[in-house]
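A.B. asks: Submitted below is the structure of interest, expressed as structure tokens.
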There are 2 protein chains.
Amino acid sequence: MHEEGSVGIVETKQFTFGAPPNEMELDCGRRLGPITLAYETYGELNADRSNAILIVHALSGDAHAAGYHTGADLKPGWWDMMIGPGKGFDTRKYCVICSNVLGGCKGSTGPSSIDPQTGKPYGLRFPIITIGDMVRAQKQLIEHLGIEQLLCVAGGSMGGMQTLEWMTRYPDMVRAAIVIASTPVLSPQALAFDAVGRHAIQADAAFENGDYYDKASPDTGLAIARMLGHITYLSDQSMRIKFGRTLRGQDTYSYDFKSEFSVETYLDYQGEQFVNRFDANSYLYITKAINYFDIAAPYGSLDEAMARVKAKTMVLSYSSDWLYPPYQSQLIVDALLRQKKDVTYNNIQSDYGHDAFLLEKKIMTKLLSGFIDHAYDEQRVYRTEPIDTNSDTDIGPPASSNDSIYEGHRIDYDLIVDLVPEGSRALDIGCGDGELLHKLIARKRVNGMGIELSQGNAISCVRRGISVVQADVDKGLSAIPDKSYDYVILSMTLQVIEKPGFVLAEMLRAGKKCIISFPNFGYWKVRAKTMLLGKAPVTRSLPFAWHTSPNRHVLSIKDFRDYCASHDIAIELELALAGRGPVRACPNLLADEALFVIRSGRA
Amino acid sequence: MHEEGSVGIVETKQFTFGAPPNEMELDCGRRLGPITLAYETYGELNADRSNAILIVHALSGDAHAAGYHTGADLKPGWWDMMIGPGKGFDTRKYCVICSNVLGGCKGSTGPSSIDPQTGKPYGLRFPIITIGDMVRAQKQLIEHLGIEQLLCVAGGSMGGMQTLEWMTRYPDMVRAAIVIASTPVLSPQALAFDAVGRHAIQADAAFENGDYYDKASPDTGLAIARMLGHITYLSDQSMRIKFGRTLRGQDTYSYDFKSEFSVETYLDYQGEQFVNRFDANSYLYITKAINYFDIAAPYGSLDEAMARVKAKTMVLSYSSDWLYPPYQSQLIVDALLRQKKDVTYNNIQSDYGHDAFLLEKKIMTKLLSGFIDHAYDEQRVYRTEPIDTNSDTDIGPPASSNDSIYEGHRIDYDLIVDLVPEGSRALDIGCGDGELLHKLIARKRVNGMGIELSQGNAISCVRRGISVVQADVDKGLSAIPDKSYDYVILSMTLQVIEKPGFVLAEMLRAGKKCIISFPNFGYWKVRAKTMLLGKAPVTRSLPFAWHTSPNRHVLSIKDFRDYCASHDIAIELELALAGRGPVRACPNLLADEALFVIRSGRA
């Protein structure tokens, strides 16, 4: 019996299309047909076929993403962790589809398939395929299943590349997209590793220019390629944790060239296992497709590619992934932001390297289910749901000290909600767990996005249905186009950021108007404590001792007014707050908080 | 003709020892002899043989480190950049020696040498050698040259490993050591790459279990191993800069499996060139020696190994080196610090990856020459020399904003120099360019070390002859043993660090006494400006506007006194300073700077 949460026994199906003379045209200019795609489905398609999720696999994956083929199977499908009842892709609500890629060797047409023209395996006579070709073939399958629009396309690594192709090639067919541990274009470093792997296969004496199907296969070369690939899927950290320098079955060095370190015998084992389940020619073709991947190429630039996207997109990267490092995911996110698309980005803290997308179950379950549930039910965000902050406390590193500067009711939130007009576009910088944005969306139907540094907070935002980009605002908002938001909001955060002048300038560039609130250093209690006691002040809105304060900058209402005057910033509104209400006379003296609405240009 | 700064035409010499029955005993337990080492020397040994620098090479290096063998040579020796008149290792002053390692194939005894017992090349009958064996053989050469103590041993990568072996095996023979881009123990990731490279060689049909010397050699396998190694020597950044995704000699994809990207043809070329100059068996033996390297193993722990060191040591790493990442150099530095050794550490900002030690000429010239000149002439540090700060401005990233908070004369420096007794051990945290430490060393013969975050400042310290560890003090001083310094100094820095409470606790742990100076927030001008103007104060010692201030924490003399009282810190001395002199009455009101001498425990 298999565990709870499993989709149980599943079967691989096949779909064939493109029989001559209707062969598929490939990017290389050649035609290929007939083409068979192996695929599996988990969960039921609903009546209007609006709940289909397409899972796209990585280099060595296949159609068998979840469940078991027989009761005797020891291992489930490759992404069983995420697919099943109650899992990240919840098969109680959604119909999950996964197909083996064109060029593969697990039931889909590839170089090991019989070439109908010769009656023999294609071998290297198989045409070079691209990620685009893989996706074009998948589209045939999706249409065959009667699905006009996919609720979601999701995949990691090469799966992320296919997702990007889906988003840009067939924008109307994708409502939501999840691009995991991927890149807009393969880096020369990753390309070089693939090239060395291919060399190892081609150098194997058994390779025989790809025509090895009736003889011994080039197992040694393929095993070497796999061993090399495997190193790039792990991280330095995870290898130290997993293997260290342990010897396998011996206490002392053997002083010969046999594999003796655990990491060596592990890689040997990975190589041996792989040659039993994978075809060397498919390895050549699929790595070549990855090497050719450059989502910008067909459209002229990454921005022009991303301009085509209509899907609500979530991009995920992993801090220790050095094969597809986080900065490559960031390139996708930045291009989507420049094109004013709806994007969420999380860089997940993980030691697992590139393989993290197959391992970080807890965080990914929260992110994927939160994102998909809100994509499926767009009204869900308007229903106020309490955030399960308690259950989130075990996720990732603790939120930084400035996440909870102000406990309890935030007096500036209600004021900000009152100030922002119905239906505005609003960007909340340092949005925390999304409380303010959620109020703005629920009460003013605002089109809102947040920027937040803390992983825990960003996850809370996703679960609330709020688009959030995990970023350090001190590094700027350069991807946000000029005047692309009606309001950019910085609520009680100005005093903790490193470069407030830079951030203010960026906010004024990105927003037509900006709303800023901060604790007032000019407050009489602050002044009196400073004057009379000669000590750094501690008050309700400046509640920290000098040595524990996250506040990097102290400023008063007067300081901020002077700053605006000397930086060509017009003040549209100034509200001074004390306790729970506004202050009319002597605001710099009597207010402990201040809220300004400003814009660039003189008053 | 060769360029200025070249050592010109040089020749490789040979030294043979260990003829039977006096063979060398190896770590593997076998005996080997006779052993020949190929070596070169550049510059003249002085009369007392105190100016010899031994250069130890990396995996594919050899004895030919500098100059040219003939006037027709197109390329000089492998570290010509650093060795020559006026270079980092200045051959006008020093005698530089480099020898090919035991197990190599460039003139030293290795697997391609003739086994005197069989009259045929050793092949795999050559014994497994270790880094320790390489160094034991080098010691024979150094003694043969009549050198009792080396001024310096220096090397990068595997050369760093040999340097560590020299420092621990023969501590009396090494006055100074430079460990570059290295590690105390090879990581499982680096080990895995080597294992895959060896697999590729051993899988080559021409390998024939190592007996290929009278036939075709396993060039394909060796080329694959080299290509793989080469990727690990570069960085993701440097590959993007150098290759990008450029195609070689074509504009469009060729849609076949030929090498077409520039990065592919470059690696192909590197592989082809390498097989012409390197022996596949030597590659196996040398990588195996690297894989076995663990400097802690013979002594029980890294700390016990480093406890043996008598050399003044400089450790260098490169920010983008992912094969021997900076944290591995940091392990060496931390162990030396725990053992109270004289160590300097710089993590050089570079995009070049592991290969940076062969490329970062400018910074390394400054660091190596500064370090060696002071190691050679220990009195040099007492001669006040102006720091060439102007010429340093082109090095590395600009110093951070808090490097120059106080321009002109620092009133606290003279006070601190007065306070610290002759010959004390002193640690200066945030030591800047070493001005205070230099005063302490010159005027009080203090045994001093600095901790500094900025690369430019750390280089200035090295050129002044001051030991400095490049580190972020907010991450702690955990490697500094309890009470290992008489004085730990934090001069006008408390207000800019992130976690002052943590740093103070670490200082009090590491130092018998601590000297702290900071700007006084209780100063009357600060209070008056706050009280009367209601603005964040700007004064001589708090000279920044609220939005540009690097000061994260404002505190007054009273605040600091209260902090000490509530944290079991005894105040031994409190000096309040205004303008250029001390303040006697009402210090919190009248002083704009404060200086405290404190220690743990109640007063």
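Identifiers for the structure tokens are assigned positionally: chains receive A, B, ... in sequence, residues are indexed from 1 per chain, and ligands are indexed from 1 in the order shown.
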What's around Phe596 of chain A at 12 Å? Count only C-alpha atoms, leave out sequence neighbours fewer than 3 positions away in its own chain, and write the answer as a PDB file with N, CA and C atoms, in the first residue's frame.
C.D. replies:
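See part_0.pdb below for the written result:
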```pdb
ATOM      1  N   ASP A 412      -1.324  54.075  10.848  1.00  0.00           N
ATOM      2  CA  ASP A 412      -1.154  54.639   9.510  1.00  0.00           C
ATOM      3  C   ASP A 412      -1.875  53.819   8.438  1.00  0.00           C
ATOM      4  N   LEU A 415      -5.369  55.160   7.547  1.00  0.00           N
ATOM      5  CA  LEU A 415      -5.219  56.433   6.838  1.00  0.00           C
ATOM      6  C   LEU A 415      -4.818  56.200   5.386  1.00  0.00           C
ATOM      7  N   ILE A 416      -3.881  55.278   5.178  1.00  0.00           N
ATOM      8  CA  ILE A 416      -3.409  55.007   3.817  1.00  0.00           C
ATOM      9  C   ILE A 416      -4.550  54.427   2.977  1.00  0.00           C
ATOM     10  N   LEU A 419      -6.670  57.119   1.883  1.00  0.00           N
ATOM     11  CA  LEU A 419      -6.068  58.045   0.917  1.00  0.00           C
ATOM     12  C   LEU A 419      -6.040  57.500  -0.507  1.00  0.00           C
ATOM     13  N   VAL A 488       3.167  54.673  -4.625  1.00  0.00           N
ATOM     14  CA  VAL A 488       4.207  53.824  -4.040  1.00  0.00           C
ATOM     15  C   VAL A 488       4.224  54.143  -2.552  1.00  0.00           C
ATOM     16  N   ILE A 489       4.119  53.091  -1.748  1.00  0.00           N
ATOM     17  CA  ILE A 489       3.919  53.273  -0.306  1.00  0.00           C
ATOM     18  C   ILE A 489       5.127  52.758   0.468  1.00  0.00           C
ATOM     19  N   LEU A 490       5.563  53.569   1.434  1.00  0.00           N
ATOM     20  CA  LEU A 490       6.651  53.152   2.323  1.00  0.00           C
ATOM     21  C   LEU A 490       6.171  53.456   3.728  1.00  0.00           C
ATOM     22  N   SER A 491       5.654  52.437   4.387  1.00  0.00           N
ATOM     23  CA  SER A 491       4.967  52.664   5.647  1.00  0.00           C
ATOM     24  C   SER A 491       5.859  52.275   6.814  1.00  0.00           C
ATOM     25  N   MET A 492       6.268  53.260   7.591  1.00  0.00           N
ATOM     26  CA  MET A 492       7.090  53.054   8.793  1.00  0.00           C
ATOM     27  C   MET A 492       8.353  52.231   8.487  1.00  0.00           C
ATOM     28  N   LEU A 494      11.033  53.964   6.336  1.00  0.00           N
ATOM     29  CA  LEU A 494      12.076  54.901   5.912  1.00  0.00           C
ATOM     30  C   LEU A 494      13.267  54.899   6.869  1.00  0.00           C
ATOM     31  N   LYS A 513       2.495  59.212  -7.246  1.00  0.00           N
ATOM     32  CA  LYS A 513       2.526  59.773  -5.898  1.00  0.00           C
ATOM     33  C   LYS A 513       3.130  58.744  -4.944  1.00  0.00           C
ATOM     34  N   CYS A 514       3.680  59.249  -3.852  1.00  0.00           N
ATOM     35  CA  CYS A 514       4.235  58.343  -2.851  1.00  0.00           C
ATOM     36  C   CYS A 514       3.638  58.670  -1.495  1.00  0.00           C
ATOM     37  N   ILE A 515       3.409  57.622  -0.734  1.00  0.00           N
ATOM     38  CA  ILE A 515       2.926  57.801   0.638  1.00  0.00           C
ATOM     39  C   ILE A 515       4.010  57.278   1.576  1.00  0.00           C
ATOM     40  N   ILE A 516       4.451  58.162   2.473  1.00  0.00           N
ATOM     41  CA  ILE A 516       5.542  57.811   3.382  1.00  0.00           C
ATOM     42  C   ILE A 516       5.073  58.041   4.803  1.00  0.00           C
ATOM     43  N   SER A 517       5.246  57.056   5.661  1.00  0.00           N
ATOM     44  CA  SER A 517       5.014  57.323   7.086  1.00  0.00           C
ATOM     45  C   SER A 517       6.259  56.958   7.874  1.00  0.00           C
ATOM     46  N   PHE A 518       6.512  57.696   8.944  1.00  0.00           N
ATOM     47  CA  PHE A 518       7.711  57.430   9.755  1.00  0.00           C
ATOM     48  C   PHE A 518       7.505  57.973  11.171  1.00  0.00           C
ATOM     49  N   PRO A 519       8.304  57.469  12.122  1.00  0.00           N
ATOM     50  CA  PRO A 519       8.229  58.007  13.480  1.00  0.00           C
ATOM     51  C   PRO A 519       8.885  59.387  13.519  1.00  0.00           C
ATOM     52  N   ASN A 520       8.266  60.312  14.209  1.00  0.00           N
ATOM     53  CA  ASN A 520       8.745  61.697  14.231  1.00  0.00           C
ATOM     54  C   ASN A 520       9.748  61.915  15.351  1.00  0.00           C
ATOM     55  N   ILE A 557       9.576  65.575  11.380  1.00  0.00           N
ATOM     56  CA  ILE A 557       8.696  66.143  10.352  1.00  0.00           C
ATOM     57  C   ILE A 557       9.413  67.310   9.663  1.00  0.00           C
ATOM     58  N   LYS A 558      10.092  68.146  10.484  1.00  0.00           N
ATOM     59  CA  LYS A 558      10.828  69.272   9.897  1.00  0.00           C
ATOM     60  C   LYS A 558      11.939  68.793   8.963  1.00  0.00           C
ATOM     61  N   PHE A 560      12.033  66.094   7.242  1.00  0.00           N
ATOM     62  CA  PHE A 560      11.465  65.577   6.003  1.00  0.00           C
ATOM     63  C   PHE A 560      10.972  66.716   5.106  1.00  0.00           C
ATOM     64  N   ARG A 561      10.338  67.726   5.744  1.00  0.00           N
ATOM     65  CA  ARG A 561       9.900  68.907   4.960  1.00  0.00           C
ATOM     66  C   ARG A 561      11.095  69.574   4.279  1.00  0.00           C
ATOM     67  N   CYS A 564      12.329  67.534   1.328  1.00  0.00           N
ATOM     68  CA  CYS A 564      11.476  67.685   0.141  1.00  0.00           C
ATOM     69  C   CYS A 564      11.767  69.019  -0.543  1.00  0.00           C
ATOM     70  N   ILE A 569      10.741  68.063  -4.298  1.00  0.00           N
ATOM     71  CA  ILE A 569       9.640  67.138  -4.030  1.00  0.00           C
ATOM     72  C   ILE A 569       8.466  67.951  -3.505  1.00  0.00           C
ATOM     73  N   ALA A 570       7.326  67.769  -4.163  1.00  0.00           N
ATOM     74  CA  ALA A 570       6.139  68.494  -3.733  1.00  0.00           C
ATOM     75  C   ALA A 570       5.407  67.688  -2.668  1.00  0.00           C
ATOM     76  N   ILE A 571       5.022  68.381  -1.580  1.00  0.00           N
ATOM     77  CA  ILE A 571       4.229  67.728  -0.528  1.00  0.00           C
ATOM     78  C   ILE A 571       2.762  67.987  -0.822  1.00  0.00           C
ATOM     79  N   GLU A 572       2.010  66.924  -1.073  1.00  0.00           N
ATOM     80  CA  GLU A 572       0.591  67.083  -1.377  1.00  0.00           C
ATOM     81  C   GLU A 572      -0.229  67.043  -0.111  1.00  0.00           C
ATOM     82  N   LEU A 573       0.263  66.307   0.861  1.00  0.00           N
ATOM     83  CA  LEU A 573      -0.497  66.166   2.097  1.00  0.00           C
ATOM     84  C   LEU A 573       0.474  65.830   3.211  1.00  0.00           C
ATOM     85  N   GLU A 574       0.202  66.389   4.371  1.00  0.00           N
ATOM     86  CA  GLU A 574       1.027  66.083   5.531  1.00  0.00           C
ATOM     87  C   GLU A 574       0.101  65.801   6.683  1.00  0.00           C
ATOM     88  N   LEU A 575       0.215  64.618   7.272  1.00  0.00           N
ATOM     89  CA  LEU A 575      -0.614  64.271   8.421  1.00  0.00           C
ATOM     90  C   LEU A 575       0.287  63.967   9.594  1.00  0.00           C
ATOM     91  N   ALA A 576       0.022  64.627  10.701  1.00  0.00           N
ATOM     92  CA  ALA A 576       0.787  64.376  11.914  1.00  0.00           C
ATOM     93  C   ALA A 576      -0.102  63.567  12.844  1.00  0.00           C
ATOM     94  N   LEU A 577       0.445  62.531  13.428  1.00  0.00           N
ATOM     95  CA  LEU A 577      -0.366  61.588  14.187  1.00  0.00           C
ATOM     96  C   LEU A 577       0.182  61.452  15.598  1.00  0.00           C
ATOM     97  N   GLU A 593       4.119  60.249  15.052  1.00  0.00           N
ATOM     98  CA  GLU A 593       4.266  59.683  13.713  1.00  0.00           C
ATOM     99  C   GLU A 593       3.869  60.730  12.689  1.00  0.00           C
ATOM    100  N   ARG A 599       5.089  63.930  -4.337  1.00  0.00           N
ATOM    101  CA  ARG A 599       5.341  63.598  -5.735  1.00  0.00           C
ATOM    102  C   ARG A 599       6.548  64.396  -6.210  1.00  0.00           C
TER     103      ARG A 599
END
```
A.B. asks: Check segment 41-265 of chain B with DSSP on the backbone and list each residue it calls strand (DSSP E), as a ChimeraX atom specification.
C.D. replies: /B:41-42,52-55,83-84,89-90,95-99,114-115,120-121,150-156,174-180
A.B. asks: Include C-alpha atoms and write out the residues we just selected as a PDB file, in the first residue's frame.
C.D. replies:
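File again-v8.pdb, as written:
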```pdb
ATOM      1  CA  THR B  41      65.842  29.786  -9.875  1.00  0.00           C
ATOM      2  CA  TYR B  42      65.491  33.483 -10.573  1.00  0.00           C
ATOM      3  CA  ALA B  52      65.006  32.521  -0.810  1.00  0.00           C
ATOM      4  CA  ILE B  53      61.363  32.283  -1.846  1.00  0.00           C
ATOM      5  CA  LEU B  54      59.999  28.866  -2.806  1.00  0.00           C
ATOM      6  CA  ILE B  55      57.136  28.960  -5.284  1.00  0.00           C
ATOM      7  CA  ILE B  83      58.122  36.954 -10.642  1.00  0.00           C
ATOM      8  CA  GLY B  84      60.801  39.334 -11.925  1.00  0.00           C
ATOM      9  CA  PHE B  89      58.283  38.454  -6.015  1.00  0.00           C
ATOM     10  CA  ASP B  90      61.044  40.956  -6.783  1.00  0.00           C
ATOM     11  CA  CYS B  95      66.038  34.499  -4.960  1.00  0.00           C
ATOM     12  CA  VAL B  96      62.964  32.717  -6.261  1.00  0.00           C
ATOM     13  CA  ILE B  97      62.979  28.906  -6.614  1.00  0.00           C
ATOM     14  CA  CYS B  98      60.348  26.745  -8.274  1.00  0.00           C
ATOM     15  CA  SER B  99      60.418  22.965  -8.695  1.00  0.00           C
ATOM     16  CA  ILE B 114      61.625   4.952 -16.269  1.00  0.00           C
ATOM     17  CA  ASP B 115      61.342   2.508 -13.390  1.00  0.00           C
ATOM     18  CA  LYS B 120      60.158   0.691 -18.562  1.00  0.00           C
ATOM     19  CA  PRO B 121      57.955   3.636 -17.571  1.00  0.00           C
ATOM     20  CA  LEU B 150      63.103  29.938   3.439  1.00  0.00           C
ATOM     21  CA  LEU B 151      62.139  33.583   3.592  1.00  0.00           C
ATOM     22  CA  CYS B 152      58.818  32.585   2.091  1.00  0.00           C
ATOM     23  CA  VAL B 153      56.864  29.671   0.646  1.00  0.00           C
ATOM     24  CA  ALA B 154      54.032  30.747  -1.641  1.00  0.00           C
ATOM     25  CA  GLY B 155      51.556  29.077  -3.939  1.00  0.00           C
ATOM     26  CA  GLY B 156      47.987  28.986  -5.208  1.00  0.00           C
ATOM     27  CA  VAL B 174      59.536  28.862   6.885  1.00  0.00           C
ATOM     28  CA  ARG B 175      59.700  32.524   7.968  1.00  0.00           C
ATOM     29  CA  ALA B 176      56.688  33.630   5.975  1.00  0.00           C
ATOM     30  CA  ALA B 177      54.001  31.813   4.021  1.00  0.00           C
ATOM     31  CA  ILE B 178      51.460  32.860   1.423  1.00  0.00           C
ATOM     32  CA  VAL B 179      48.507  30.495   0.955  1.00  0.00           C
ATOM     33  CA  ILE B 180      46.475  31.511  -2.085  1.00  0.00           C
TER      34      ILE B 180
END
```
A.B. asks: Find the residues near segment 268-285 of chain A: any atom within 7 Å, counting only C-alpha atoms, skip ones fewer than 4 places away on the same chain, and give them as a ChimeraX atom specification.
C.D. replies: /A:103-105,110-111,123,128-129,198,201,210,218-219,222-224,226-227,264,289
A.B. asks: Taking only C-alpha atoms into account, produce a table as CSV in which each residue of chain A with an atom at most 6 Å from an atom of chain B appears once, together with its shortest atom pair and the distance in Å to one decimal, ordered by chain and rising number.
C.D. replies:
```
residue,atom,partner,partner_atom,distance
A:Ile128,CA,B:Tyr255,CA,5.6
A:Pro188,CA,B:Gly244,CA,6.0
A:Gln189,CA,B:Asp236,CA,5.7
A:Asp236,CA,B:Gln189,CA,5.7
A:Gly244,CA,B:Pro188,CA,6.0
A:Tyr255,CA,B:Ile128,CA,5.6
A:Pro500,CA,B:His547,CA,5.7
A:Gly501,CA,B:His547,CA,5.8
A:Gly522,CA,B:Gly534,CA,4.4
A:Arg527,CA,B:Met531,CA,5.0
A:Thr530,CA,B:Arg527,CA,6.0
A:Met531,CA,B:Arg527,CA,5.0
A:Gly534,CA,B:Gly522,CA,4.4
A:Lys535,CA,B:Ser556,CA,5.5
A:Ala536,CA,B:Leu555,CA,5.5
A:Trp546,CA,B:His553,CA,5.8
A:His547,CA,B:Pro500,CA,5.8
A:Arg552,CA,B:Arg552,CA,4.1
A:His553,CA,B:Trp546,CA,5.8
A:Leu555,CA,B:Ala536,CA,5.4
A:Ser556,CA,B:Lys535,CA,5.5
A:Asp559,CA,B:Lys535,CA,5.6
```
A.B. asks: Restricted to C-alpha atoms, what would the selected residues look like written as a PDB file, in the first residue's frame?
C.D. replies:
```pdb
ATOM      1  CA  ILE A 128      17.858  18.467 -33.526  1.00  0.00           C
ATOM      2  CA  PRO A 188      28.055  29.565 -20.836  1.00  0.00           C
ATOM      3  CA  GLN A 189      29.074  27.723 -17.665  1.00  0.00           C
ATOM      4  CA  ASP A 236      28.967  22.533  -2.161  1.00  0.00           C
ATOM      5  CA  GLY A 244      31.872  15.005   3.787  1.00  0.00           C
ATOM      6  CA  TYR A 255      46.392   4.303  -2.074  1.00  0.00           C
ATOM      7  CA  PRO A 500      16.683  56.521   2.298  1.00  0.00           C
ATOM      8  CA  GLY A 501      17.590  59.246  -0.202  1.00  0.00           C
ATOM      9  CA  GLY A 522      10.763  65.971  16.602  1.00  0.00           C
ATOM     10  CA  ARG A 527      13.156  66.106  22.496  1.00  0.00           C
ATOM     11  CA  THR A 530      17.191  64.017  24.778  1.00  0.00           C
ATOM     12  CA  MET A 531      17.417  67.475  26.353  1.00  0.00           C
ATOM     13  CA  GLY A 534      20.925  63.468  27.600  1.00  0.00           C
ATOM     14  CA  LYS A 535      20.111  59.987  26.388  1.00  0.00           C
ATOM     15  CA  ALA A 536      18.991  58.430  23.134  1.00  0.00           C
ATOM     16  CA  TRP A 546      20.206  52.584  21.265  1.00  0.00           C
ATOM     17  CA  HIS A 547      22.012  49.243  20.968  1.00  0.00           C
ATOM     18  CA  ARG A 552      19.372  53.508  10.992  1.00  0.00           C
ATOM     19  CA  HIS A 553      18.060  57.020  10.540  1.00  0.00           C
ATOM     20  CA  LEU A 555      14.325  62.226  11.307  1.00  0.00           C
ATOM     21  CA  SER A 556      11.619  64.666  12.243  1.00  0.00           C
ATOM     22  CA  ASP A 559      13.730  67.213   8.554  1.00  0.00           C
TER      23      ASP A 559
END
```
A.B. asks: With a distance cut-off of 6 Å and only C-alpha atoms, select the neighbouring residues of segment 361-371 of chain A, excluding the residue or stretch itself and same-chain residues fewer than 2 positions from it, and output the selection as a VMD selection string.
C.D. replies: chain A and resid 88 359 373 to 374 462 to 463
A.B. asks: What's the 8 Å shell around segment 158-169 of chain A, counting only C-alpha atoms, without same-chain residues fewer than 6 positions away, as a PyMOL selection string?
C.D. replies: chain A and resi 55-59+131-132+134-135+177-184+290+293+295+305-306+308-311
A.B. asks: Could you give me, as a ChimeraX atom specification, each residue of segment 234-290 of chain A that DSSP assigns to alpha helix (DSSP H) when run on this structure's backbone?
C.D. replies: /A:236-242,262-277,280-290
